[in-house]
>>> print(open('protein-v2.txt').read())   # compact mmCIF, C-alpha atoms and all ligand atoms
# COMPACT_ATOMS: atom_id res chain seq x y z
CA MET H 4 0.00 0.00 0.00
CA ALA H 5 1.26 3.41 -0.86
CA GLY H 6 1.94 5.69 2.05
CA ARG H 7 0.36 8.76 0.47
CA ARG H 8 -2.62 9.88 2.45
CA GLU H 9 -3.40 13.37 1.29
CA GLY H 10 -6.29 15.01 -0.49
CA PRO H 11 -9.93 15.51 0.40
CA LEU H 12 -10.86 11.83 0.51
CA MET H 13 -7.81 10.58 2.35
CA ARG H 14 -7.67 12.64 5.42
CA GLY H 15 -4.69 12.29 7.69
CA GLY H 16 -5.64 12.16 11.36
CA ALA H 17 -8.26 14.88 11.64
CA PRO H 18 -7.90 17.05 14.75
CA PRO H 19 -10.48 16.31 17.43
CA PRO H 20 -13.40 18.76 17.44
CA SER H 21 -12.71 21.79 19.59
CA ARG H 22 -14.45 22.16 22.94
CA GLY H 23 -16.57 25.00 21.52
CA SER H 24 -17.86 22.97 18.61
CA ARG H 25 -18.61 20.03 20.92
CA ILE H 26 -20.74 22.24 23.11
CA ALA H 27 -22.50 23.64 20.05
CA MET H 28 -23.15 20.09 18.85
CA ALA H 29 -24.48 19.06 22.26
CA ILE H 30 -26.86 22.03 22.28
CA ALA H 31 -28.03 21.21 18.78
CA VAL H 32 -28.62 17.61 19.81
CA GLY H 33 -30.55 18.75 22.88
CA ILE H 34 -32.80 20.95 20.77
CA LEU H 35 -33.28 18.11 18.27
CA LEU H 36 -34.31 15.66 21.00
CA GLY H 37 -36.63 18.30 22.45
CA CYS H 38 -38.30 18.70 19.07
CA VAL H 39 -38.73 14.92 18.74
CA PHE H 40 -40.40 14.73 22.16
CA ALA H 41 -42.55 17.77 21.49
CA PHE H 42 -43.72 16.25 18.24
CA LEU H 43 -44.51 12.77 19.53
CA TYR H 44 -45.74 13.83 22.95
CA PRO H 45 -47.33 17.26 22.77
CA ASP H 46 -48.88 16.72 26.22
CA GLY H 47 -45.60 15.90 27.87
CA PHE H 48 -43.46 12.82 27.85
CA PHE H 49 -43.82 11.58 31.42
CA LEU H 50 -47.59 11.82 31.61
CA HIS H 51 -47.73 8.91 29.20
CA SER H 52 -45.42 6.55 30.98
CA SER H 53 -47.43 3.43 31.67
CA GLY H 54 -47.59 3.90 35.45
CA SER H 55 -49.25 7.30 35.44
CA ALA H 56 -51.48 6.44 32.51
CA SER H 57 -52.92 3.41 34.28
CA SER H 58 -53.60 5.35 37.48
CA TYR H 59 -55.32 7.92 35.27
CA LEU H 60 -57.46 5.07 33.90
CA ARG H 61 -58.30 3.81 37.40
CA THR H 62 -59.43 7.29 38.40
CA ILE H 63 -61.80 7.40 35.48
CA LYS H 64 -63.20 3.99 36.27
CA VAL H 65 -63.90 4.75 39.93
CA GLY H 66 -64.79 8.39 39.75
CA SER H 67 -67.18 8.49 36.82
CA CYS H 68 -69.91 6.52 35.13
CA GLU H 69 -68.13 6.15 31.80
CA SER H 70 -69.36 3.28 29.67
CA SER H 71 -67.14 0.21 29.40
CA GLU H 72 -66.70 1.17 25.76
CA ARG H 73 -64.92 4.34 26.81
CA VAL H 74 -62.72 2.36 29.20
CA ASN H 75 -61.85 -0.10 26.47
CA SER H 76 -60.91 2.64 24.07
CA LEU H 77 -58.72 4.22 26.74
CA LYS H 78 -57.14 0.85 27.40
CA SER H 79 -56.26 0.34 23.77
CA GLU H 80 -54.96 3.89 23.68
CA LEU H 81 -52.79 3.03 26.65
CA ALA H 82 -51.50 -0.09 24.92
CA SER H 83 -50.58 1.83 21.80
CA LEU H 84 -48.95 4.56 23.88
CA SER H 85 -46.76 2.15 25.77
CA GLU H 86 -45.83 0.49 22.52
CA LYS H 87 -44.89 3.89 21.13
CA ASN H 88 -43.02 4.56 24.34
CA SER H 89 -40.85 1.47 24.07
CA GLU H 90 -40.25 2.16 20.39
CA LEU H 91 -39.18 5.69 21.32
CA LYS H 92 -36.90 4.41 24.05
CA LYS H 93 -35.29 2.10 21.52
CA GLN H 94 -34.83 4.99 19.11
CA ILE H 95 -33.31 7.18 21.80
CA LYS H 96 -30.90 4.41 22.69
CA GLU H 97 -29.85 4.01 19.06
CA LEU H 98 -29.53 7.74 18.55
CA THR H 99 -27.43 8.00 21.69
CA LEU H 100 -25.14 5.22 20.49
CA ARG H 101 -24.69 6.93 17.15
CA LEU H 102 -23.95 10.30 18.70
CA GLN H 103 -21.49 8.67 21.06
CA SER H 104 -19.77 6.92 18.19
CA ALA H 105 -19.43 10.36 16.58
CA GLY H 106 -17.72 11.55 19.76
CA ILE H 107 -20.73 13.45 21.07
CA ASP H 108 -21.82 12.65 24.60
CA THR H 109 -25.52 12.94 25.28
CA LEU H 110 -27.66 10.90 27.63
CA PRO H 111 -25.52 8.32 29.33
CA ILE H 112 -26.68 4.81 28.55
CA LYS H 113 -26.06 1.77 30.67
CA ALA H 114 -24.79 -1.43 29.13
CA GLY H 115 -27.32 -4.21 29.62
CA PRO H 116 -26.56 -7.45 31.46
CA PHE H 117 -23.92 -9.90 30.25
CA GLY H 118 -24.69 -11.32 26.81
CA THR H 119 -27.44 -8.85 25.98
CA VAL H 120 -25.51 -5.94 24.46
CA LYS H 121 -25.35 -5.49 20.73
CA ALA H 122 -23.50 -2.77 18.83
CA ILE H 123 -24.93 -1.06 15.77
CA ARG H 124 -23.91 -2.49 12.42
CA THR H 125 -26.87 -1.28 10.36
CA ASN H 126 -26.12 2.36 9.67
CA PRO H 127 -28.96 4.75 8.79
CA THR H 128 -29.59 5.38 5.12
CA VAL H 129 -28.95 8.82 3.64
CA THR H 130 -31.76 11.20 2.70
CA PRO H 131 -32.31 10.75 -1.05
CA ASP H 132 -31.15 13.71 -3.13
CA GLU H 133 -32.79 13.67 -6.54
CA SER H 134 -31.04 16.82 -7.68
CA VAL H 135 -27.87 14.73 -8.06
CA ASN H 136 -29.24 13.13 -11.22
CA PRO H 137 -32.95 13.66 -11.99
CA ARG H 138 -32.86 11.52 -15.14
CA LEU H 139 -31.38 8.54 -13.30
CA ALA H 140 -33.81 9.13 -10.43
CA LYS H 141 -36.69 8.72 -12.86
CA ILE H 142 -35.31 5.48 -14.29
CA LEU H 143 -34.71 4.04 -10.84
CA LYS H 144 -38.26 4.79 -9.75
CA GLU H 145 -39.45 2.56 -12.57
CA VAL H 146 -36.89 -0.21 -12.29
CA ALA H 147 -36.10 -0.66 -8.59
CA VAL H 148 -38.12 -2.89 -6.27
CA LYS H 149 -38.17 -1.84 -2.61
CA LYS H 150 -35.45 0.70 -3.43
CA GLU H 151 -32.93 -1.90 -4.57
CA LEU H 152 -31.69 -3.24 -7.88
CA ILE H 153 -28.93 -5.12 -9.69
CA VAL H 154 -26.55 -2.85 -11.63
CA ALA H 155 -24.04 -3.93 -14.27
CA LEU H 156 -21.72 -1.90 -16.47
CA ALA H 157 -21.16 -3.02 -20.04
CA ASN H 158 -19.58 -1.91 -23.29
CA SER H 159 -19.56 -3.51 -26.72
CA ASN H 160 -16.58 -5.74 -25.95
CA VAL H 161 -18.78 -7.95 -23.79
CA ARG H 162 -21.98 -7.99 -25.79
CA GLU H 163 -22.31 -11.76 -26.14
CA MET H 164 -21.71 -12.39 -22.44
CA LEU H 165 -24.12 -9.60 -21.54
CA GLU H 166 -26.80 -11.33 -23.56
CA PHE H 167 -26.22 -14.57 -21.64
CA TRP H 168 -26.26 -12.58 -18.38
CA PHE H 169 -29.66 -10.94 -18.90
CA THR H 170 -31.18 -14.07 -20.44
CA ASN H 171 -30.63 -15.88 -17.14
CA ILE H 172 -31.90 -12.93 -15.11
CA LYS H 173 -35.07 -12.92 -17.20
CA ARG H 174 -35.49 -16.68 -16.83
CA VAL H 175 -35.31 -16.39 -13.03
CA GLY H 176 -37.85 -13.56 -13.24
CA ILE H 177 -35.84 -10.80 -11.57
CA PRO H 178 -37.43 -7.47 -12.58
CA ASN H 179 -35.13 -5.01 -10.84
CA TYR H 180 -31.91 -4.85 -12.83
CA LEU H 181 -30.27 -2.16 -14.91
CA VAL H 182 -27.43 -2.10 -17.42
CA VAL H 183 -25.26 1.00 -17.40
CA ALA H 184 -24.38 1.18 -21.10
CA LEU H 185 -20.94 2.61 -21.75
CA ASP H 186 -21.51 3.06 -25.47
CA GLU H 187 -24.36 3.60 -27.90
CA ASN H 188 -24.15 0.14 -29.41
CA ILE H 189 -24.84 -1.53 -26.06
CA GLU H 190 -27.57 0.96 -25.29
CA ASN H 191 -29.38 0.03 -28.50
CA PHE H 192 -28.75 -3.66 -27.94
CA CYS H 193 -30.40 -3.44 -24.51
CA ARG H 194 -33.35 -1.45 -25.80
CA SER H 195 -34.01 -3.92 -28.59
CA ASN H 196 -34.00 -6.73 -26.02
CA LYS H 197 -36.24 -4.87 -23.56
CA VAL H 198 -33.44 -4.74 -21.02
CA PRO H 199 -33.59 -1.73 -18.65
CA VAL H 200 -30.69 0.48 -19.62
CA TYR H 201 -29.14 3.75 -18.55
CA ARG H 202 -26.66 5.64 -20.68
CA ARG H 203 -24.69 8.45 -19.11
CA ASP H 204 -24.71 11.82 -20.79
CA PRO H 205 -21.63 12.06 -23.01
CA ASP H 206 -20.50 15.27 -21.35
CA GLU H 207 -20.22 13.70 -17.94
CA GLY H 208 -16.44 14.10 -17.86
CA ILE H 209 -15.13 10.85 -16.44
CA ASP H 210 -17.06 8.86 -19.01
CA SER H 211 -14.49 9.45 -21.69
CA ILE H 212 -12.42 6.70 -20.06
CA ALA H 213 -15.25 4.30 -20.71
CA LYS H 214 -14.62 4.59 -24.42
CA THR H 215 -11.05 3.37 -24.21
CA GLY H 216 -12.59 0.30 -22.63
CA GLN H 217 -9.63 -0.65 -20.47
CA ASN H 218 -10.69 -2.78 -17.56
CA HIS H 219 -9.17 -0.70 -14.81
CA ALA H 220 -10.43 2.58 -16.23
CA VAL H 221 -13.90 1.09 -16.25
CA SER H 222 -13.36 -0.02 -12.66
CA ALA H 223 -12.74 3.53 -11.43
CA LEU H 224 -15.78 4.67 -13.37
CA LYS H 225 -17.86 1.96 -11.75
CA PHE H 226 -17.27 3.29 -8.23
CA HIS H 227 -17.94 6.81 -9.41
CA ILE H 228 -21.25 5.94 -11.04
CA LEU H 229 -22.38 3.84 -8.09
CA ARG H 230 -22.17 6.87 -5.85
CA GLU H 231 -25.12 8.50 -7.60
CA PHE H 232 -27.33 5.46 -7.09
CA LEU H 233 -26.56 5.61 -3.38
CA GLN H 234 -27.11 9.36 -3.18
CA LEU H 235 -30.51 8.81 -4.76
CA GLY H 236 -31.27 6.49 -1.86
CA TYR H 237 -31.02 3.09 -3.55
CA SER H 238 -29.25 -0.06 -2.46
CA VAL H 239 -27.26 -1.56 -5.30
CA LEU H 240 -26.30 -5.14 -5.99
CA LEU H 241 -23.32 -4.48 -8.21
CA SER H 242 -22.82 -7.31 -10.66
CA ASP H 243 -20.15 -8.29 -13.16
CA ILE H 244 -21.60 -9.95 -16.21
CA ASP H 245 -19.65 -13.22 -16.01
CA ILE H 246 -22.29 -14.30 -13.53
CA VAL H 247 -25.09 -16.84 -13.92
CA TYR H 248 -28.26 -16.10 -11.94
CA LEU H 249 -30.08 -19.22 -10.72
CA GLN H 250 -32.31 -17.69 -8.02
CA ASN H 251 -33.36 -14.17 -7.07
CA PRO H 252 -30.50 -12.80 -4.93
CA PHE H 253 -32.80 -10.34 -3.16
CA ASP H 254 -34.40 -13.31 -1.38
CA HIS H 255 -31.01 -14.18 0.14
CA LEU H 256 -29.56 -10.96 1.53
CA TYR H 257 -29.21 -9.94 5.18
CA ARG H 258 -29.21 -6.16 4.56
CA ASP H 259 -27.64 -5.50 7.96
CA SER H 260 -24.29 -4.15 6.79
CA ASP H 261 -22.97 -1.35 4.63
CA VAL H 262 -21.35 -3.88 2.32
CA GLU H 263 -22.40 -7.49 1.85
CA SER H 264 -20.06 -9.19 -0.59
CA MET H 265 -19.27 -12.48 -2.19
CA SER H 266 -15.89 -13.91 -1.36
CA ASP H 267 -12.94 -15.10 -3.40
CA GLY H 268 -12.36 -17.70 -0.69
CA HIS H 269 -12.70 -21.40 -1.51
CA ASP H 270 -13.72 -22.85 1.86
CA ASN H 271 -15.02 -21.72 5.24
CA MET H 272 -11.62 -20.70 6.57
CA THR H 273 -10.44 -18.68 3.61
CA ALA H 274 -13.81 -17.03 3.03
CA TYR H 275 -14.79 -16.23 6.60
CA GLY H 276 -11.39 -15.61 8.17
CA TYR H 277 -8.93 -17.52 10.30
CA ASN H 278 -5.94 -17.30 12.59
CA ASP H 279 -2.86 -17.84 10.43
CA VAL H 280 0.22 -18.62 12.53
CA PHE H 281 3.51 -17.27 11.26
CA ASP H 282 6.50 -19.32 12.42
CA GLU H 283 9.95 -17.81 12.98
CA PRO H 284 12.04 -20.57 14.62
CA SER H 285 15.00 -18.29 15.36
CA MET H 286 12.83 -16.48 17.92
CA GLY H 287 12.77 -19.62 20.07
CA TRP H 288 10.20 -19.28 22.83
CA SER H 289 8.20 -16.70 20.83
CA ARG H 290 8.58 -18.35 17.43
CA TYR H 291 4.83 -18.27 16.70
CA ALA H 292 3.22 -14.99 15.69
CA HIS H 293 -0.49 -14.98 15.07
CA THR H 294 -1.96 -13.17 12.09
CA MET H 295 -5.49 -12.63 10.85
CA ARG H 296 -6.24 -13.75 7.33
CA ILE H 297 -9.23 -13.61 5.06
CA TRP H 298 -9.50 -14.01 1.28
CA VAL H 299 -10.58 -10.83 -0.44
CA TYR H 300 -14.14 -9.78 -1.16
CA ASN H 301 -15.01 -9.93 -4.81
CA SER H 302 -15.51 -6.39 -6.04
CA GLY H 303 -17.52 -7.76 -8.96
CA PHE H 304 -20.48 -8.84 -6.86
CA PHE H 305 -21.49 -6.96 -3.74
CA TYR H 306 -24.58 -5.41 -2.20
CA ILE H 307 -24.07 -1.88 -0.91
CA ARG H 308 -26.55 0.09 1.20
CA PRO H 309 -26.98 3.86 0.79
CA THR H 310 -25.18 4.97 3.94
CA ILE H 311 -22.42 7.45 4.72
CA PRO H 312 -19.75 4.76 5.27
CA SER H 313 -20.72 3.16 1.94
CA ILE H 314 -20.41 6.43 0.05
CA GLU H 315 -17.14 7.21 1.79
CA LEU H 316 -15.89 3.79 0.68
CA LEU H 317 -16.78 4.48 -2.95
CA ASP H 318 -15.10 7.88 -2.78
CA ARG H 319 -11.94 6.48 -1.25
CA VAL H 320 -11.69 3.71 -3.81
CA ALA H 321 -12.43 5.99 -6.79
CA TYR H 322 -9.89 8.53 -5.52
CA ARG H 323 -7.14 5.97 -5.10
CA LEU H 324 -7.83 4.29 -8.44
CA SER H 325 -7.41 7.60 -10.21
CA HIS H 326 -4.31 8.63 -8.21
CA GLU H 327 -2.41 5.34 -7.99
CA PRO H 328 -1.94 4.22 -11.59
CA LYS H 329 -0.86 0.70 -10.77
CA SER H 330 -3.59 -0.02 -8.25
CA TRP H 331 -6.10 -2.82 -8.78
CA ASP H 332 -9.66 -2.01 -7.87
CA GLN H 333 -10.35 -5.21 -5.96
CA ALA H 334 -7.25 -4.81 -3.79
CA VAL H 335 -8.06 -1.15 -3.08
CA PHE H 336 -11.70 -1.98 -2.28
CA ASN H 337 -10.57 -4.60 0.24
CA GLU H 338 -7.86 -2.48 1.82
CA GLU H 339 -10.27 0.35 2.44
CA LEU H 340 -12.78 -2.04 3.97
CA ALA H 341 -10.33 -3.93 6.15
CA PHE H 342 -7.48 -1.81 7.45
CA PRO H 343 -7.98 0.01 10.75
CA SER H 344 -6.91 3.51 11.71
CA ARG H 345 -3.21 4.01 12.25
CA PRO H 346 -0.87 6.99 12.48
CA GLY H 347 -1.58 9.13 9.44
CA ARG H 348 -4.74 7.37 8.35
CA ASP H 349 -8.33 7.04 9.48
CA GLY H 350 -9.89 3.64 9.02
CA LEU H 351 -13.27 3.48 7.33
CA TYR H 352 -15.18 1.04 9.58
CA ALA H 353 -17.95 0.26 7.16
CA ALA H 354 -19.93 -2.72 8.41
CA ARG H 355 -19.34 -5.76 6.23
CA ARG H 356 -20.75 -9.22 5.81
CA THR H 357 -19.39 -12.14 3.82
CA MET H 358 -21.97 -13.90 1.68
CA ASP H 359 -22.47 -17.66 1.96
CA ILE H 360 -19.89 -19.25 -0.36
CA TYR H 361 -22.25 -22.01 -1.51
CA LEU H 362 -25.12 -19.64 -2.33
CA PHE H 363 -22.99 -16.91 -3.89
CA MET H 364 -20.47 -19.25 -5.45
CA ASN H 365 -17.24 -18.44 -7.22
CA SER H 366 -16.04 -20.73 -9.99
CA LYS H 367 -13.14 -22.10 -7.94
CA VAL H 368 -15.57 -23.40 -5.33
CA LEU H 369 -17.70 -24.92 -8.07
CA PHE H 370 -14.99 -26.58 -10.15
CA LYS H 371 -12.53 -27.51 -7.40
CA THR H 372 -14.99 -28.71 -4.76
CA VAL H 373 -18.72 -28.65 -5.37
CA ARG H 374 -18.91 -30.60 -8.62
CA LYS H 375 -16.94 -33.46 -7.01
CA ASP H 376 -18.89 -33.61 -3.75
CA PRO H 377 -22.11 -35.67 -3.86
CA LYS H 378 -23.76 -33.59 -1.14
CA LEU H 379 -22.67 -30.14 -2.32
CA ARG H 380 -23.74 -31.02 -5.87
CA THR H 381 -27.34 -31.11 -4.70
CA LEU H 382 -27.34 -27.52 -3.38
CA LYS H 383 -28.66 -24.88 -5.75
CA PRO H 384 -26.62 -21.68 -5.66
CA VAL H 385 -28.20 -18.25 -6.04
CA ILE H 386 -25.49 -17.16 -8.46
CA VAL H 387 -22.29 -18.60 -9.89
CA HIS H 388 -19.52 -16.13 -10.72
CA LEU H 389 -17.02 -17.37 -13.31
CA ASN H 390 -14.35 -15.12 -11.82
CA TYR H 391 -11.61 -17.73 -11.60
CA HIS H 392 -11.67 -18.85 -15.23
CA PRO H 393 -10.87 -17.26 -18.60
CA ASP H 394 -13.17 -19.51 -20.67
CA LYS H 395 -16.10 -17.73 -19.08
CA LEU H 396 -18.88 -18.13 -21.61
CA GLU H 397 -18.38 -21.89 -22.08
CA ARG H 398 -18.40 -22.43 -18.35
CA MET H 399 -21.43 -20.18 -17.89
CA LYS H 400 -23.31 -22.30 -20.41
CA ALA H 401 -22.22 -25.48 -18.62
CA VAL H 402 -23.50 -24.05 -15.31
CA VAL H 403 -26.92 -23.52 -16.88
CA GLU H 404 -26.89 -27.04 -18.32
CA PHE H 405 -26.03 -28.47 -14.91
CA TYR H 406 -28.30 -26.44 -12.63
CA VAL H 407 -31.18 -25.53 -14.93
CA ASN H 408 -31.40 -28.35 -17.45
CA GLY H 409 -30.32 -31.10 -15.05
CA LYS H 410 -27.49 -32.36 -17.23
CA LYS H 411 -25.48 -34.22 -14.59
CA ASN H 412 -22.21 -34.41 -16.53
CA ALA H 413 -22.25 -30.85 -17.89
CA LEU H 414 -19.40 -29.69 -15.65
CA GLU H 415 -17.12 -32.66 -16.17
CA ASN H 416 -15.13 -31.67 -19.23
CA PHE H 417 -13.45 -28.68 -17.63
CA PRO H 418 -10.16 -28.67 -15.71
CA ASP H 419 -10.19 -27.31 -12.13
CA GLY H 420 -8.13 -24.30 -13.17
CA SER H 421 -7.37 -22.82 -16.55
CA ALA H 422 -4.80 -25.55 -17.36
C1 LIG F 501 -18.82 -24.43 6.77
O1 LIG F 501 -19.69 -23.55 7.44
C2 LIG F 501 -21.04 -23.92 7.36
C3 LIG F 501 -21.85 -22.79 7.99
O2 LIG F 501 -21.34 -22.43 9.22
C4 LIG F 501 -21.26 -25.26 8.05
O3 LIG F 501 -22.61 -25.64 7.95
C5 LIG F 501 -20.38 -26.29 7.36
O4 LIG F 501 -20.48 -27.52 8.05
C6 LIG F 501 -18.94 -25.82 7.33
N1 LIG F 501 -18.18 -26.72 6.50
C7 LIG F 501 -17.05 -27.28 6.91
C8 LIG F 501 -16.38 -28.19 5.92
O5 LIG F 501 -16.56 -27.05 7.99
>>> encode(input="protein-v2.txt", output="structure tokens")
Amino acid sequence: MAGRREGPLMRGGAPPPSRGSRIAMAIAVGILLGCVFAFLYPDGFFLHSSGSASSYLRTIKVGSCESSERVNSLKSELASLSEKNSELKKQIKELTLRLQSAGIDTLPIKAGPFGTVKAIRTNPTVTPDESVNPRLAKILKEVAVKKELIVALANSNVREMLEFWFTNIKRVGIPNYLVVALDENIENFCRSNKVPVYRRDPDEGIDSIAKTGQNHAVSALKFHILREFLQLGYSVLLSDIDIVYLQNPFDHLYRDSDVESMSDGHDNMTAYGYNDVFDEPSMGWSRYAHTMRIWVYNSGFFYIRPTIPSIELLDRVAYRLSHEPKSWDQAVFNEELAFPSRPGRDGLYAARRTMDIYLFMNSKVLFKTVRKDPKLRTLKPVIVHLNYHPDKLERMKAVVEFYVNGKKNALENFPDGSA
């Protein structure tokens, strides 16, 4: 990793907020909380706590001749109020945690009993900003389902594979997908096949690199374009096109993290992380040093939620790809996700989740392990990504033969690797 850490996206250690600005923040937070209470509880917060409300009810019952109907309606009102109350308490607790994680102290919260505490990993989504790209906003309103969609970038070099890609998506019946066409040819090709397509305006600066068609130039562009989808408030399942869809991926996501990604790992250890012991015999008594290892996330298939950490991730990756000529987008993506803060650099701390390697399967898992294992052969993946093999289209077709058409020997004529 290069040591350079300058520029707007790569802050060095930012100075802590001054005392004055902390106080200002605390006052602002106080006013905000006050407004929330005033809005939800115009008659005062404590009046509605369940204790006083039930004594209020008792008074009514004893002191007046109200009909039982009236009592029942008050009771149900009480129930809904205490429900609201506990929901509000939960929200206050979450808000407090978030403010604390931003270095702002508000209401002190107590940790619950042993085994009951749980930190926040699902960050709040950003407020959609349509002014960022009104034309794209309009397309997304039509295409997205529950504010999420599959997005793939394509230019004319990959036309045949793109056709195979959307044919499988259509067969599975996934409606919410969009091709970002990098040239006119692909735009027309999509339109004539009734494939949802979005073509950037030619004057949108960075897009000139799309024309040269070089893989890594397109990679930087990808992170740049994705930002707008997130700013518009959509979750994106970014997809390469050397991927075969066998089920609807949106039925198999957790949606609890900023980034949920498929892995390049080939078994549980490599995909989900393990303790890798480094041995240096000359150290004698302390010869074993423990290290943490995990195979990289695949930057060609990941689900990203529209949150601040997600957008910061995209910015960091796009910035580095355009400032470090020899960088590889997948390595940069993983470094930004994984490395913690250190002198001269702030870590990102986006929440991340590794997808199940047998549901979101890479082609090494399929050809090295799954096709030879009687039990694993019976599992149906959600997608298969032919990321480990150069003869992509032939293997994609074989995957369809095996999983869709039930041809049991369809995968047999391929070597494990690229031979
Ligand atoms: C891998 O992990 C899954 C999920 O935790 C588990 O069901 C499976 O048995 C593990 N496989 C091996 C070989 O340990």
>>> atom_distance(input="protein-v2.txt", atom1="CA of Val129 in chain H", atom2="CA of Arg101 in chain H")
14.3 Å
>>> axis_aligned_box(input="protein-v2.txt", around="ligand LIG 501 (chain F)", padding_each_side="8 Å", output="AutoDock Vina command-line options")
--center_x -19.5 --center_y -25.3 --center_z 7.6 --size_x 22.2 --size_y 21.8 --size_z 19.3
>>> residues_around(input="protein-v2.txt", residues="Thr381 in chain H", least_positions_apart="4", cutoff="12 Å", atoms="all atoms listed in the file", output="PyMOL selection string")
chain H and resi 361-362+369+373-377+405-406+409+411
>>> atom_distance(input="protein-v2.txt", atom1="CA of Asp243 in chain H", atom2="CA of Arg296 in chain H")
25.4 Å
>>> closest_atom_pairs(input="protein-v2.txt", of="chain H", to="ligand LIG 501 (chain F)", cutoff="10 Å", atoms="only C-alpha atoms and all ligand atoms", output="CSV")
residue,atom,partner,partner_atom,distance
H:Asp270,CA,F:LIG501,C8,7.2
H:Asn271,CA,F:LIG501,C1,4.9
H:Met272,CA,F:LIG501,C1,8.1
H:Ala274,CA,F:LIG501,C1,9.7
H:Tyr275,CA,F:LIG501,O1,8.8
H:Asp359,CA,F:LIG501,C3,7.9
H:Ile360,CA,F:LIG501,C1,8.9
H:Tyr361,CA,F:LIG501,C2,9.2
>>> closest_residue(input="protein-v2.txt", among="H:Asp261, H:Cys193, H:Lys144, H:Arg202", to="Thr170 in chain H", atoms="only C-alpha atoms")
H:Cys193
>>> residues_around(input="protein-v2.txt", residues="Ala413 in chain H", least_positions_apart="5", cutoff="8 Å", atoms="all atoms listed in the file", output="VMD selection string")
chain H and resid 401 to 402 404 to 405
>>> residues_near_point(input="protein-v2.txt", point="(-15.7, 9.5, 1.2)", cutoff="12 Å", atoms="only C-alpha atoms", output="list in words")
Gly10, Pro11, Leu12, Met13, Arg14, Phe226, His227, Arg230, Thr310, Ile311, Pro312, Ser313, Ile314, Glu315, Leu316, Leu317, Asp318, Arg319, Val320, Ala321, Tyr322, Arg323, Glu339, Asp349, Gly350, Leu351, Tyr352 and Ala353 of chain H
>>> atom_distance(input="protein-v2.txt", atom1="CA of Leu185 in chain H", atom2="CA of Leu156 in chain H")
7.0 Å
>>> decode(input="protein-v2.txt", residues="range 387-405 of chain H", atoms="C-alpha atoms", output="mmCIF file, in the first residue's frame")
data_model
loop_
_atom_site.group_PDB
_atom_site.id
_atom_site.type_symbol
_atom_site.label_atom_id
_atom_site.label_comp_id
_atom_site.auth_asym_id
_atom_site.auth_seq_id
_atom_site.Cartn_x
_atom_site.Cartn_y
_atom_site.Cartn_z
ATOM 1 C CA VAL H 387 -22.288 -18.597 -9.887
ATOM 2 C CA HIS H 388 -19.523 -16.132 -10.721
ATOM 3 C CA LEU H 389 -17.019 -17.372 -13.306
ATOM 4 C CA ASN H 390 -14.353 -15.116 -11.819
ATOM 5 C CA TYR H 391 -11.605 -17.725 -11.602
ATOM 6 C CA HIS H 392 -11.675 -18.849 -15.235
ATOM 7 C CA PRO H 393 -10.869 -17.255 -18.597
ATOM 8 C CA ASP H 394 -13.166 -19.513 -20.674
ATOM 9 C CA LYS H 395 -16.100 -17.734 -19.085
ATOM 10 C CA LEU H 396 -18.882 -18.134 -21.609
ATOM 11 C CA GLU H 397 -18.384 -21.888 -22.084
ATOM 12 C CA ARG H 398 -18.396 -22.426 -18.346
ATOM 13 C CA MET H 399 -21.434 -20.180 -17.893
ATOM 14 C CA LYS H 400 -23.308 -22.296 -20.410
ATOM 15 C CA ALA H 401 -22.219 -25.476 -18.616
ATOM 16 C CA VAL H 402 -23.497 -24.053 -15.309
ATOM 17 C CA VAL H 403 -26.923 -23.520 -16.877
ATOM 18 C CA GLU H 404 -26.887 -27.039 -18.323
ATOM 19 C CA PHE H 405 -26.032 -28.474 -14.912
#
